[in-house]
file my_file_27.cif (mmCIF, N, CA, C and O atoms)
data_upload
#
loop_
_atom_site.label_atom_id
_atom_site.label_comp_id
_atom_site.auth_asym_id
_atom_site.auth_seq_id
_atom_site.Cartn_x
_atom_site.Cartn_y
_atom_site.Cartn_z
N MET A 1 3.52 -17.48 -18.40
CA MET A 1 2.63 -18.58 -18.13
C MET A 1 1.41 -18.05 -17.39
O MET A 1 1.54 -17.42 -16.36
N SER A 2 0.23 -18.27 -17.91
CA SER A 2 -0.97 -17.79 -17.24
C SER A 2 -1.49 -18.86 -16.31
O SER A 2 -1.36 -20.05 -16.58
N GLN A 3 -2.06 -18.42 -15.19
CA GLN A 3 -2.61 -19.35 -14.22
C GLN A 3 -4.11 -19.20 -14.17
O GLN A 3 -4.63 -18.10 -14.24
N ASN A 4 -4.79 -20.28 -14.05
CA ASN A 4 -6.23 -20.28 -13.91
C ASN A 4 -6.58 -19.79 -12.51
O ASN A 4 -6.06 -20.29 -11.53
N LYS A 5 -7.46 -18.81 -12.40
CA LYS A 5 -7.83 -18.25 -11.11
C LYS A 5 -8.64 -19.23 -10.26
O LYS A 5 -8.86 -19.00 -9.10
N GLU A 6 -9.08 -20.32 -10.85
CA GLU A 6 -9.91 -21.28 -10.13
C GLU A 6 -9.11 -22.47 -9.59
O GLU A 6 -9.67 -23.40 -9.06
N THR A 7 -7.77 -22.46 -9.72
CA THR A 7 -6.99 -23.58 -9.22
C THR A 7 -7.03 -23.62 -7.71
O THR A 7 -7.15 -22.59 -7.06
N PRO A 8 -6.94 -24.81 -7.11
CA PRO A 8 -7.06 -24.95 -5.67
C PRO A 8 -6.02 -24.15 -4.88
O PRO A 8 -6.26 -23.77 -3.76
N ASN A 9 -4.87 -23.87 -5.46
CA ASN A 9 -3.82 -23.15 -4.74
C ASN A 9 -4.02 -21.64 -4.72
O ASN A 9 -3.31 -20.94 -4.03
N ASN A 10 -4.97 -21.14 -5.49
CA ASN A 10 -5.21 -19.70 -5.56
C ASN A 10 -6.46 -19.34 -4.80
O ASN A 10 -7.39 -20.13 -4.69
N ASN A 11 -6.52 -18.13 -4.31
CA ASN A 11 -7.72 -17.60 -3.66
C ASN A 11 -8.76 -17.37 -4.75
O ASN A 11 -8.52 -16.65 -5.70
N THR A 12 -9.93 -17.97 -4.60
CA THR A 12 -10.96 -17.85 -5.64
C THR A 12 -11.99 -16.78 -5.32
O THR A 12 -12.98 -16.65 -6.04
N GLU A 13 -11.75 -16.01 -4.27
CA GLU A 13 -12.68 -14.93 -3.92
C GLU A 13 -12.66 -13.88 -5.02
O GLU A 13 -11.60 -13.44 -5.46
N LYS A 14 -13.83 -13.47 -5.47
CA LYS A 14 -13.92 -12.47 -6.53
C LYS A 14 -13.51 -11.10 -6.01
O LYS A 14 -13.91 -10.69 -4.93
N ILE A 15 -12.71 -10.43 -6.76
CA ILE A 15 -12.29 -9.08 -6.43
C ILE A 15 -13.13 -8.13 -7.25
O ILE A 15 -13.30 -8.31 -8.45
N ASP A 16 -13.67 -7.10 -6.60
CA ASP A 16 -14.52 -6.14 -7.29
C ASP A 16 -13.75 -5.42 -8.40
O ASP A 16 -12.53 -5.27 -8.34
N THR A 17 -14.49 -4.95 -9.37
CA THR A 17 -13.93 -4.13 -10.43
C THR A 17 -13.41 -2.84 -9.82
O THR A 17 -14.11 -2.20 -9.03
N PRO A 18 -12.20 -2.43 -10.16
CA PRO A 18 -11.67 -1.20 -9.58
C PRO A 18 -12.47 0.02 -10.03
O PRO A 18 -12.81 0.15 -11.21
N ILE A 19 -12.79 0.86 -9.10
CA ILE A 19 -13.47 2.12 -9.38
C ILE A 19 -12.72 3.22 -8.64
O ILE A 19 -11.89 2.95 -7.78
N PHE A 20 -13.03 4.46 -8.96
CA PHE A 20 -12.34 5.60 -8.36
C PHE A 20 -12.41 5.57 -6.84
O PHE A 20 -11.42 5.81 -6.15
N ALA A 21 -13.58 5.24 -6.30
CA ALA A 21 -13.75 5.21 -4.85
C ALA A 21 -12.82 4.19 -4.19
O ALA A 21 -12.30 4.43 -3.10
N THR A 22 -12.57 3.08 -4.86
CA THR A 22 -11.66 2.07 -4.33
C THR A 22 -10.25 2.64 -4.19
O THR A 22 -9.58 2.43 -3.18
N LEU A 23 -9.81 3.37 -5.19
CA LEU A 23 -8.49 3.99 -5.16
C LEU A 23 -8.41 5.01 -4.02
O LEU A 23 -7.45 5.02 -3.24
N VAL A 24 -9.41 5.86 -3.91
CA VAL A 24 -9.42 6.89 -2.85
C VAL A 24 -9.42 6.22 -1.48
O VAL A 24 -8.66 6.61 -0.59
N HIS A 25 -10.25 5.20 -1.29
CA HIS A 25 -10.31 4.52 0.00
C HIS A 25 -9.00 3.80 0.31
O HIS A 25 -8.57 3.77 1.47
N SER A 26 -8.36 3.25 -0.69
CA SER A 26 -7.09 2.56 -0.48
C SER A 26 -6.00 3.53 0.00
O SER A 26 -5.28 3.24 0.96
N ILE A 27 -5.90 4.67 -0.65
CA ILE A 27 -4.90 5.67 -0.25
C ILE A 27 -5.24 6.23 1.14
O ILE A 27 -4.36 6.43 1.97
N THR A 28 -6.53 6.46 1.37
CA THR A 28 -6.97 6.96 2.68
C THR A 28 -6.61 5.96 3.77
O THR A 28 -6.09 6.33 4.83
N HIS A 29 -6.86 4.69 3.52
CA HIS A 29 -6.53 3.66 4.50
C HIS A 29 -5.02 3.63 4.78
O HIS A 29 -4.60 3.50 5.93
N SER A 30 -4.23 3.77 3.73
CA SER A 30 -2.77 3.80 3.90
C SER A 30 -2.35 4.96 4.79
O SER A 30 -1.45 4.82 5.63
N ALA A 31 -2.99 6.10 4.62
CA ALA A 31 -2.69 7.26 5.46
C ALA A 31 -3.08 6.99 6.91
O ALA A 31 -2.34 7.33 7.85
N LEU A 32 -4.24 6.37 7.12
CA LEU A 32 -4.69 6.06 8.48
C LEU A 32 -3.75 5.06 9.15
O LEU A 32 -3.44 5.19 10.35
N VAL A 33 -3.29 4.08 8.41
CA VAL A 33 -2.32 3.12 8.94
C VAL A 33 -1.05 3.85 9.35
O VAL A 33 -0.51 3.65 10.44
N ALA A 34 -0.57 4.73 8.48
CA ALA A 34 0.66 5.47 8.75
C ALA A 34 0.52 6.41 9.95
O ALA A 34 1.50 6.71 10.62
N MET A 35 -0.71 6.85 10.23
CA MET A 35 -0.94 7.69 11.40
C MET A 35 -1.14 6.86 12.66
O MET A 35 -1.33 7.41 13.75
N GLY A 36 -1.11 5.55 12.53
CA GLY A 36 -1.29 4.67 13.68
C GLY A 36 -2.73 4.55 14.13
O GLY A 36 -3.00 4.21 15.28
N LEU A 37 -3.66 4.80 13.24
CA LEU A 37 -5.08 4.81 13.61
C LEU A 37 -5.80 3.51 13.27
O LEU A 37 -7.00 3.39 13.51
N VAL A 38 -5.08 2.55 12.74
CA VAL A 38 -5.64 1.22 12.51
C VAL A 38 -5.11 0.35 13.65
O VAL A 38 -3.90 0.20 13.80
N PRO A 39 -6.01 -0.19 14.49
CA PRO A 39 -5.58 -0.88 15.72
C PRO A 39 -4.45 -1.88 15.54
O PRO A 39 -3.50 -1.89 16.33
N GLU A 40 -4.50 -2.70 14.50
CA GLU A 40 -3.45 -3.71 14.30
C GLU A 40 -2.10 -3.09 13.96
O GLU A 40 -1.08 -3.77 14.02
N MET A 41 -2.09 -1.83 13.55
CA MET A 41 -0.85 -1.19 13.09
C MET A 41 -0.45 -0.01 13.98
O MET A 41 0.31 0.85 13.54
N LYS A 42 -0.96 0.04 15.19
CA LYS A 42 -0.69 1.18 16.08
C LYS A 42 0.80 1.45 16.27
O LYS A 42 1.21 2.59 16.42
N ASP A 43 1.60 0.40 16.27
CA ASP A 43 3.04 0.54 16.52
C ASP A 43 3.82 1.00 15.29
O ASP A 43 5.01 1.23 15.37
N LYS A 44 3.16 1.15 14.18
CA LYS A 44 3.84 1.42 12.91
C LYS A 44 3.65 2.86 12.43
O LYS A 44 3.61 3.10 11.23
N LYS A 45 3.55 3.82 13.34
CA LYS A 45 3.35 5.21 12.94
C LYS A 45 4.49 5.70 12.05
O LYS A 45 5.65 5.42 12.31
N ASN A 46 4.11 6.44 11.02
CA ASN A 46 5.09 7.00 10.09
C ASN A 46 4.48 8.29 9.54
O ASN A 46 3.76 8.27 8.54
N LYS A 47 4.78 9.41 10.21
CA LYS A 47 4.17 10.70 9.82
C LYS A 47 4.51 11.09 8.39
O LYS A 47 3.69 11.64 7.69
N ALA A 48 5.74 10.81 7.98
CA ALA A 48 6.14 11.16 6.61
C ALA A 48 5.31 10.40 5.59
O ALA A 48 4.87 10.98 4.58
N LEU A 49 5.05 9.13 5.85
CA LEU A 49 4.23 8.33 4.93
C LEU A 49 2.78 8.80 4.96
O LEU A 49 2.12 8.85 3.92
N ALA A 50 2.28 9.16 6.13
CA ALA A 50 0.91 9.69 6.23
C ALA A 50 0.79 10.97 5.40
O ALA A 50 -0.16 11.13 4.63
N GLU A 51 1.76 11.86 5.55
CA GLU A 51 1.74 13.11 4.80
C GLU A 51 1.85 12.85 3.30
O GLU A 51 1.16 13.49 2.49
N PHE A 52 2.69 11.89 2.91
CA PHE A 52 2.82 11.52 1.50
C PHE A 52 1.48 11.07 0.94
O PHE A 52 1.10 11.47 -0.17
N ASN A 53 0.76 10.23 1.67
CA ASN A 53 -0.53 9.73 1.19
C ASN A 53 -1.56 10.85 1.07
O ASN A 53 -2.37 10.85 0.13
N ILE A 54 -1.55 11.79 1.99
CA ILE A 54 -2.45 12.94 1.89
C ILE A 54 -2.11 13.76 0.65
O ILE A 54 -2.99 14.15 -0.12
N GLU A 55 -0.83 14.00 0.43
CA GLU A 55 -0.39 14.74 -0.76
C GLU A 55 -0.73 13.98 -2.04
O GLU A 55 -1.07 14.58 -3.06
N LEU A 56 -0.67 12.66 -1.98
CA LEU A 56 -1.03 11.84 -3.13
C LEU A 56 -2.52 12.02 -3.48
O LEU A 56 -2.87 12.15 -4.66
N LEU A 57 -3.37 12.06 -2.47
CA LEU A 57 -4.79 12.31 -2.72
C LEU A 57 -5.02 13.71 -3.30
O LEU A 57 -5.86 13.88 -4.19
N ILE A 58 -4.29 14.69 -2.80
CA ILE A 58 -4.41 16.06 -3.33
C ILE A 58 -3.98 16.09 -4.79
O ILE A 58 -4.66 16.70 -5.63
N LEU A 59 -2.90 15.40 -5.13
CA LEU A 59 -2.45 15.31 -6.51
C LEU A 59 -3.49 14.62 -7.38
O LEU A 59 -3.80 15.09 -8.49
N LEU A 60 -4.06 13.54 -6.88
CA LEU A 60 -5.10 12.82 -7.61
C LEU A 60 -6.30 13.73 -7.87
O LEU A 60 -6.85 13.74 -8.97
N ARG A 61 -6.68 14.51 -6.87
CA ARG A 61 -7.80 15.44 -7.04
C ARG A 61 -7.49 16.47 -8.11
O ARG A 61 -8.33 16.77 -8.97
N GLU A 62 -6.27 17.01 -8.10
CA GLU A 62 -5.88 18.01 -9.09
C GLU A 62 -5.87 17.42 -10.51
O GLU A 62 -6.35 18.04 -11.45
N LYS A 63 -5.34 16.21 -10.64
CA LYS A 63 -5.19 15.59 -11.95
C LYS A 63 -6.52 15.09 -12.52
O LYS A 63 -6.63 14.87 -13.72
N THR A 64 -7.50 14.89 -11.67
CA THR A 64 -8.80 14.40 -12.15
C THR A 64 -9.86 15.50 -12.18
O THR A 64 -11.01 15.24 -12.48
N LYS A 65 -9.44 16.73 -11.88
CA LYS A 65 -10.39 17.86 -11.85
C LYS A 65 -11.15 17.96 -13.18
O LYS A 65 -10.57 17.91 -14.25
N GLY A 66 -12.46 18.05 -13.07
CA GLY A 66 -13.31 18.15 -14.24
C GLY A 66 -13.70 16.81 -14.83
O GLY A 66 -14.48 16.75 -15.78
N ASN A 67 -13.14 15.73 -14.31
CA ASN A 67 -13.44 14.39 -14.83
C ASN A 67 -14.14 13.50 -13.81
O ASN A 67 -14.29 12.30 -14.06
N LEU A 68 -14.52 14.05 -12.69
CA LEU A 68 -15.16 13.26 -11.64
C LEU A 68 -16.65 13.55 -11.56
O LEU A 68 -17.09 14.65 -11.87
N THR A 69 -17.38 12.55 -11.12
CA THR A 69 -18.79 12.80 -10.83
C THR A 69 -18.86 13.63 -9.55
O THR A 69 -17.87 13.75 -8.82
N GLU A 70 -20.02 14.19 -9.29
CA GLU A 70 -20.19 14.98 -8.07
C GLU A 70 -19.92 14.12 -6.83
O GLU A 70 -19.27 14.57 -5.88
N GLU A 71 -20.36 12.88 -6.87
CA GLU A 71 -20.15 11.96 -5.75
C GLU A 71 -18.66 11.66 -5.55
O GLU A 71 -18.16 11.64 -4.42
N GLU A 72 -17.93 11.44 -6.64
CA GLU A 72 -16.49 11.18 -6.55
C GLU A 72 -15.75 12.40 -6.03
O GLU A 72 -14.84 12.28 -5.20
N GLN A 73 -16.13 13.58 -6.51
CA GLN A 73 -15.50 14.82 -6.06
C GLN A 73 -15.73 15.03 -4.56
O GLN A 73 -14.81 15.39 -3.83
N GLN A 74 -16.93 14.78 -4.12
CA GLN A 74 -17.25 14.92 -2.70
C GLN A 74 -16.46 13.91 -1.87
O GLN A 74 -15.95 14.24 -0.80
N LEU A 75 -16.35 12.69 -2.35
CA LEU A 75 -15.60 11.65 -1.64
C LEU A 75 -14.15 12.06 -1.44
O LEU A 75 -13.63 12.02 -0.32
N ILE A 76 -13.48 12.45 -2.51
CA ILE A 76 -12.06 12.78 -2.38
C ILE A 76 -11.86 14.03 -1.53
O ILE A 76 -10.95 14.10 -0.71
N ASN A 77 -12.75 15.02 -1.67
CA ASN A 77 -12.65 16.23 -0.84
C ASN A 77 -12.81 15.89 0.64
O ASN A 77 -12.05 16.37 1.48
N ASN A 78 -13.80 15.06 0.95
CA ASN A 78 -14.05 14.69 2.35
C ASN A 78 -12.89 13.89 2.93
O ASN A 78 -12.49 14.12 4.08
N CYS A 79 -12.36 12.96 2.16
CA CYS A 79 -11.23 12.17 2.64
C CYS A 79 -10.02 13.04 2.92
O CYS A 79 -9.37 12.91 3.97
N ILE A 80 -9.72 13.94 1.99
CA ILE A 80 -8.57 14.84 2.18
C ILE A 80 -8.78 15.70 3.43
O ILE A 80 -7.89 15.82 4.27
N GLN A 81 -9.96 16.30 3.55
CA GLN A 81 -10.23 17.18 4.69
C GLN A 81 -10.13 16.41 6.00
O GLN A 81 -9.49 16.88 6.95
N ASP A 82 -10.75 15.25 6.07
CA ASP A 82 -10.71 14.45 7.30
C ASP A 82 -9.29 14.06 7.66
O ASP A 82 -8.88 14.12 8.83
N LEU A 83 -8.51 13.63 6.66
CA LEU A 83 -7.12 13.25 6.92
C LEU A 83 -6.28 14.43 7.37
O LEU A 83 -5.45 14.31 8.28
N GLN A 84 -6.48 15.58 6.75
CA GLN A 84 -5.70 16.77 7.13
C GLN A 84 -6.00 17.18 8.57
O GLN A 84 -5.09 17.52 9.32
N ILE A 85 -7.27 17.13 8.96
CA ILE A 85 -7.66 17.48 10.34
C ILE A 85 -7.05 16.48 11.30
O ILE A 85 -6.45 16.87 12.32
N THR A 86 -7.16 15.20 11.00
CA THR A 86 -6.61 14.16 11.87
C THR A 86 -5.10 14.29 11.98
O THR A 86 -4.53 14.17 13.06
N PHE A 87 -4.44 14.54 10.86
CA PHE A 87 -3.00 14.70 10.85
C PHE A 87 -2.56 15.89 11.70
O PHE A 87 -1.62 15.79 12.50
N ALA A 88 -3.28 17.00 11.57
CA ALA A 88 -2.95 18.22 12.33
C ALA A 88 -3.17 17.99 13.84
O ALA A 88 -2.39 18.47 14.66
N GLN A 89 -4.21 17.27 14.20
CA GLN A 89 -4.50 17.00 15.60
C GLN A 89 -3.45 16.10 16.21
O GLN A 89 -3.19 16.17 17.41
N ASP A 90 -2.88 15.23 15.40
CA ASP A 90 -1.89 14.28 15.89
C ASP A 90 -0.49 14.89 16.01
O ASP A 90 0.39 14.34 16.62
N SER A 91 -0.31 16.06 15.39
CA SER A 91 1.03 16.69 15.39
C SER A 91 1.34 17.36 16.70
O SER A 91 0.57 17.69 17.50
#

call {"tool": "encode", "arguments": {"input": "my_file_27.cif", "output": "structure tokens"}}
result
Amino acid sequence: MSQNKETPNNNTEKIDTPIFATLVHSITHSALVAMGLVPEMKDKKNKALAEFNIELLILLREKTKGNLTEEEQQLINNCIQDLQITFAQDS
């Protein structure tokens, strides 16, 4: 059964079209939450989950090699590097 997105019971806020940067930022945010670096989630530290998310970004970079724009490549590289430094400092 399909539902109309405009019904009063549903959130009618438009969601952006998914792009590569959205995926990278989503995984990066998950890693930051797992490291306890998002204020609302400070009590929810999970180093294993943080490490998993960093490894997930590394896998994504490997699997998309040669298929990214220069901007996308720079974004994923910067996110991985920043997360790895933050993770190491927190250890």

call {"tool": "closest_residue", "arguments": {"input": "my_file_27.cif", "among": "A:Asn53, A:Gln84, A:Thr69, A:Asn46", "to": "Val24 of chain A", "atoms": "only C-alpha atoms"}}
result
A:Asn53

call {"tool": "residues_near_point", "arguments": {"input": "my_file_27.cif", "point": "(-2.4, 18.6, -1.8)", "cutoff": "12 Å", "atoms": "only C-alpha atoms", "output": "PyMOL selection string"}}
result
chain A and resi 51-63+76-77+79-81+83-84

call {"tool": "closest_residue", "arguments": {"input": "my_file_27.cif", "among": "A:Ala50, A:Thr17, A:Ile85, A:Gln74", "to": "Val33 of chain A", "atoms": "only N, CA, C and O atoms"}}
result
A:Ala50

call {"tool": "atom_distance", "arguments": {"input": "my_file_27.cif", "atom1": "atom N of Asp82 of chain A", "atom2": "atom O of Lys47 of chain A"}}
result
15.0 Å

call {"tool": "atom_distance", "arguments": {"input": "my_file_27.cif", "atom1": "atom C of Ile19 of chain A", "atom2": "atom CA of Asn67 of chain A"}}
result
12.8 Å

call {"tool": "atom_distance", "arguments": {"input": "my_file_27.cif", "atom1": "atom C of Lys42 of chain A", "atom2": "atom O of Ser30 of chain A"}}
result
11.4 Å

call {"tool": "select_by_dssp", "arguments": {"input": "my_file_27.cif", "residues": "chain A", "states": "alpha helix (DSSP H)", "output": "VMD selection string"}}
result
chain A and resid 20 to 34 47 to 63 70 to 90

call {"tool": "axis_aligned_box", "arguments": {"input": "my_file_27.cif", "around": "segment 35-50 of chain A", "padding_each_side": "8 Å", "output": "AutoDock Vina command-line options"}}
result
--center_x -0.4 --center_y 3.9 --center_z 10.2 --size_x 29.1 --size_y 31.4 --size_z 28.6

call {"tool": "closest_residue", "arguments": {"input": "my_file_27.cif", "among": "A:Gln73, A:Asn78, A:Pro18, A:Ser91", "to": "Met35 of chain A", "atoms": "only C-alpha atoms"}}
result
A:Ser91

call {"tool": "decode", "arguments": {"input": "my_file_27.cif", "residues": "segment 30-56 of chain A", "atoms": "N, CA, C and O atoms", "output": "PDB file, in the first residue's frame"}}
result
ATOM      1  N   SER A  30      28.033   9.393  12.273  1.00  0.00           N
ATOM      2  CA  SER A  30      27.874   8.188  13.091  1.00  0.00           C
ATOM      3  C   SER A  30      29.148   7.895  13.880  1.00  0.00           C
ATOM      4  O   SER A  30      29.093   7.500  15.053  1.00  0.00           O
ATOM      5  N   ALA A  31      30.290   8.092  13.246  1.00  0.00           N
ATOM      6  CA  ALA A  31      31.568   7.881  13.940  1.00  0.00           C
ATOM      7  C   ALA A  31      31.745   8.898  15.064  1.00  0.00           C
ATOM      8  O   ALA A  31      32.191   8.553  16.168  1.00  0.00           O
ATOM      9  N   LEU A  32      31.391  10.152  14.810  1.00  0.00           N
ATOM     10  CA  LEU A  32      31.514  11.193  15.833  1.00  0.00           C
ATOM     11  C   LEU A  32      30.585  10.913  17.015  1.00  0.00           C
ATOM     12  O   LEU A  32      30.976  11.102  18.176  1.00  0.00           O
ATOM     13  N   VAL A  33      29.387  10.448  16.736  1.00  0.00           N
ATOM     14  CA  VAL A  33      28.459  10.070  17.805  1.00  0.00           C
ATOM     15  C   VAL A  33      29.067   8.940  18.632  1.00  0.00           C
ATOM     16  O   VAL A  33      29.075   8.979  19.865  1.00  0.00           O
ATOM     17  N   ALA A  34      29.604   7.941  17.955  1.00  0.00           N
ATOM     18  CA  ALA A  34      30.191   6.789  18.645  1.00  0.00           C
ATOM     19  C   ALA A  34      31.416   7.172  19.473  1.00  0.00           C
ATOM     20  O   ALA A  34      31.724   6.520  20.467  1.00  0.00           O
ATOM     21  N   MET A  35      32.097   8.249  19.081  1.00  0.00           N
ATOM     22  CA  MET A  35      33.237   8.724  19.854  1.00  0.00           C
ATOM     23  C   MET A  35      32.802   9.637  20.992  1.00  0.00           C
ATOM     24  O   MET A  35      33.637  10.114  21.763  1.00  0.00           O
ATOM     25  N   GLY A  36      31.514   9.895  21.099  1.00  0.00           N
ATOM     26  CA  GLY A  36      31.003  10.750  22.159  1.00  0.00           C
ATOM     27  C   GLY A  36      31.232  12.227  21.906  1.00  0.00           C
ATOM     28  O   GLY A  36      31.250  13.025  22.837  1.00  0.00           O
ATOM     29  N   LEU A  37      31.386  12.607  20.656  1.00  0.00           N
ATOM     30  CA  LEU A  37      31.708  13.992  20.318  1.00  0.00           C
ATOM     31  C   LEU A  37      30.492  14.816  19.902  1.00  0.00           C
ATOM     32  O   LEU A  37      30.634  15.988  19.572  1.00  0.00           O
ATOM     33  N   VAL A  38      29.327  14.213  19.928  1.00  0.00           N
ATOM     34  CA  VAL A  38      28.087  14.945  19.680  1.00  0.00           C
ATOM     35  C   VAL A  38      27.470  15.179  21.061  1.00  0.00           C
ATOM     36  O   VAL A  38      27.184  14.218  21.778  1.00  0.00           O
ATOM     37  N   PRO A  39      27.317  16.446  21.460  1.00  0.00           N
ATOM     38  CA  PRO A  39      26.910  16.765  22.837  1.00  0.00           C
ATOM     39  C   PRO A  39      25.733  15.956  23.366  1.00  0.00           C
ATOM     40  O   PRO A  39      25.784  15.466  24.496  1.00  0.00           O
ATOM     41  N   GLU A  40      24.691  15.775  22.574  1.00  0.00           N
ATOM     42  CA  GLU A  40      23.513  15.042  23.048  1.00  0.00           C
ATOM     43  C   GLU A  40      23.804  13.557  23.276  1.00  0.00           C
ATOM     44  O   GLU A  40      23.018  12.870  23.913  1.00  0.00           O
ATOM     45  N   MET A  41      24.897  13.057  22.724  1.00  0.00           N
ATOM     46  CA  MET A  41      25.201  11.625  22.794  1.00  0.00           C
ATOM     47  C   MET A  41      26.491  11.339  23.560  1.00  0.00           C
ATOM     48  O   MET A  41      27.075  10.273  23.398  1.00  0.00           O
ATOM     49  N   LYS A  42      26.932  12.281  24.374  1.00  0.00           N
ATOM     50  CA  LYS A  42      28.204  12.127  25.090  1.00  0.00           C
ATOM     51  C   LYS A  42      28.285  10.838  25.907  1.00  0.00           C
ATOM     52  O   LYS A  42      29.343  10.247  26.040  1.00  0.00           O
ATOM     53  N   ASP A  43      27.154  10.403  26.441  1.00  0.00           N
ATOM     54  CA  ASP A  43      27.127   9.215  27.310  1.00  0.00           C
ATOM     55  C   ASP A  43      27.130   7.912  26.526  1.00  0.00           C
ATOM     56  O   ASP A  43      27.181   6.844  27.107  1.00  0.00           O
ATOM     57  N   LYS A  44      27.084   7.981  25.230  1.00  0.00           N
ATOM     58  CA  LYS A  44      26.910   6.785  24.393  1.00  0.00           C
ATOM     59  C   LYS A  44      28.188   6.388  23.654  1.00  0.00           C
ATOM     60  O   LYS A  44      28.117   5.859  22.553  1.00  0.00           O
ATOM     61  N   LYS A  45      29.351   6.607  24.254  1.00  0.00           N
ATOM     62  CA  LYS A  45      30.609   6.259  23.583  1.00  0.00           C
ATOM     63  C   LYS A  45      30.671   4.771  23.255  1.00  0.00           C
ATOM     64  O   LYS A  45      30.288   3.935  24.066  1.00  0.00           O
ATOM     65  N   ASN A  46      31.162   4.484  22.062  1.00  0.00           N
ATOM     66  CA  ASN A  46      31.311   3.100  21.621  1.00  0.00           C
ATOM     67  C   ASN A  46      32.490   3.070  20.653  1.00  0.00           C
ATOM     68  O   ASN A  46      32.323   3.281  19.453  1.00  0.00           O
ATOM     69  N   LYS A  47      33.681   2.799  21.190  1.00  0.00           N
ATOM     70  CA  LYS A  47      34.904   2.843  20.368  1.00  0.00           C
ATOM     71  C   LYS A  47      34.856   1.843  19.215  1.00  0.00           C
ATOM     72  O   LYS A  47      35.330   2.128  18.130  1.00  0.00           O
ATOM     73  N   ALA A  48      34.288   0.678  19.470  1.00  0.00           N
ATOM     74  CA  ALA A  48      34.213  -0.335  18.411  1.00  0.00           C
ATOM     75  C   ALA A  48      33.353   0.157  17.254  1.00  0.00           C
ATOM     76  O   ALA A  48      33.706  -0.028  16.084  1.00  0.00           O
ATOM     77  N   LEU A  49      32.243   0.816  17.563  1.00  0.00           N
ATOM     78  CA  LEU A  49      31.376   1.354  16.516  1.00  0.00           C
ATOM     79  C   LEU A  49      32.050   2.511  15.789  1.00  0.00           C
ATOM     80  O   LEU A  49      31.935   2.637  14.573  1.00  0.00           O
ATOM     81  N   ALA A  50      32.781   3.337  16.518  1.00  0.00           N
ATOM     82  CA  ALA A  50      33.524   4.437  15.885  1.00  0.00           C
ATOM     83  C   ALA A  50      34.546   3.875  14.904  1.00  0.00           C
ATOM     84  O   ALA A  50      34.646   4.336  13.762  1.00  0.00           O
ATOM     85  N   GLU A  51      35.283   2.866  15.338  1.00  0.00           N
ATOM     86  CA  GLU A  51      36.287   2.250  14.475  1.00  0.00           C
ATOM     87  C   GLU A  51      35.628   1.597  13.259  1.00  0.00           C
ATOM     88  O   GLU A  51      36.135   1.694  12.137  1.00  0.00           O
ATOM     89  N   PHE A  52      34.486   0.946  13.468  1.00  0.00           N
ATOM     90  CA  PHE A  52      33.749   0.333  12.361  1.00  0.00           C
ATOM     91  C   PHE A  52      33.382   1.381  11.317  1.00  0.00           C
ATOM     92  O   PHE A  52      33.535   1.154  10.114  1.00  0.00           O
ATOM     93  N   ASN A  53      32.883   2.530  11.757  1.00  0.00           N
ATOM     94  CA  ASN A  53      32.484   3.582  10.818  1.00  0.00           C
ATOM     95  C   ASN A  53      33.678   4.148  10.060  1.00  0.00           C
ATOM     96  O   ASN A  53      33.565   4.457   8.869  1.00  0.00           O
ATOM     97  N   ILE A  54      34.808   4.277  10.712  1.00  0.00           N
ATOM     98  CA  ILE A  54      36.021   4.731  10.020  1.00  0.00           C
ATOM     99  C   ILE A  54      36.426   3.704   8.969  1.00  0.00           C
ATOM    100  O   ILE A  54      36.739   4.051   7.825  1.00  0.00           O
ATOM    101  N   GLU A  55      36.400   2.437   9.334  1.00  0.00           N
ATOM    102  CA  GLU A  55      36.731   1.375   8.384  1.00  0.00           C
ATOM    103  C   GLU A  55      35.725   1.327   7.230  1.00  0.00           C
ATOM    104  O   GLU A  55      36.089   1.040   6.090  1.00  0.00           O
ATOM    105  N   LEU A  56      34.480   1.636   7.520  1.00  0.00           N
ATOM    106  CA  LEU A  56      33.452   1.682   6.483  1.00  0.00           C
ATOM    107  C   LEU A  56      33.767   2.781   5.460  1.00  0.00           C
ATOM    108  O   LEU A  56      33.644   2.564   4.252  1.00  0.00           O
TER     109      LEU A  56
END
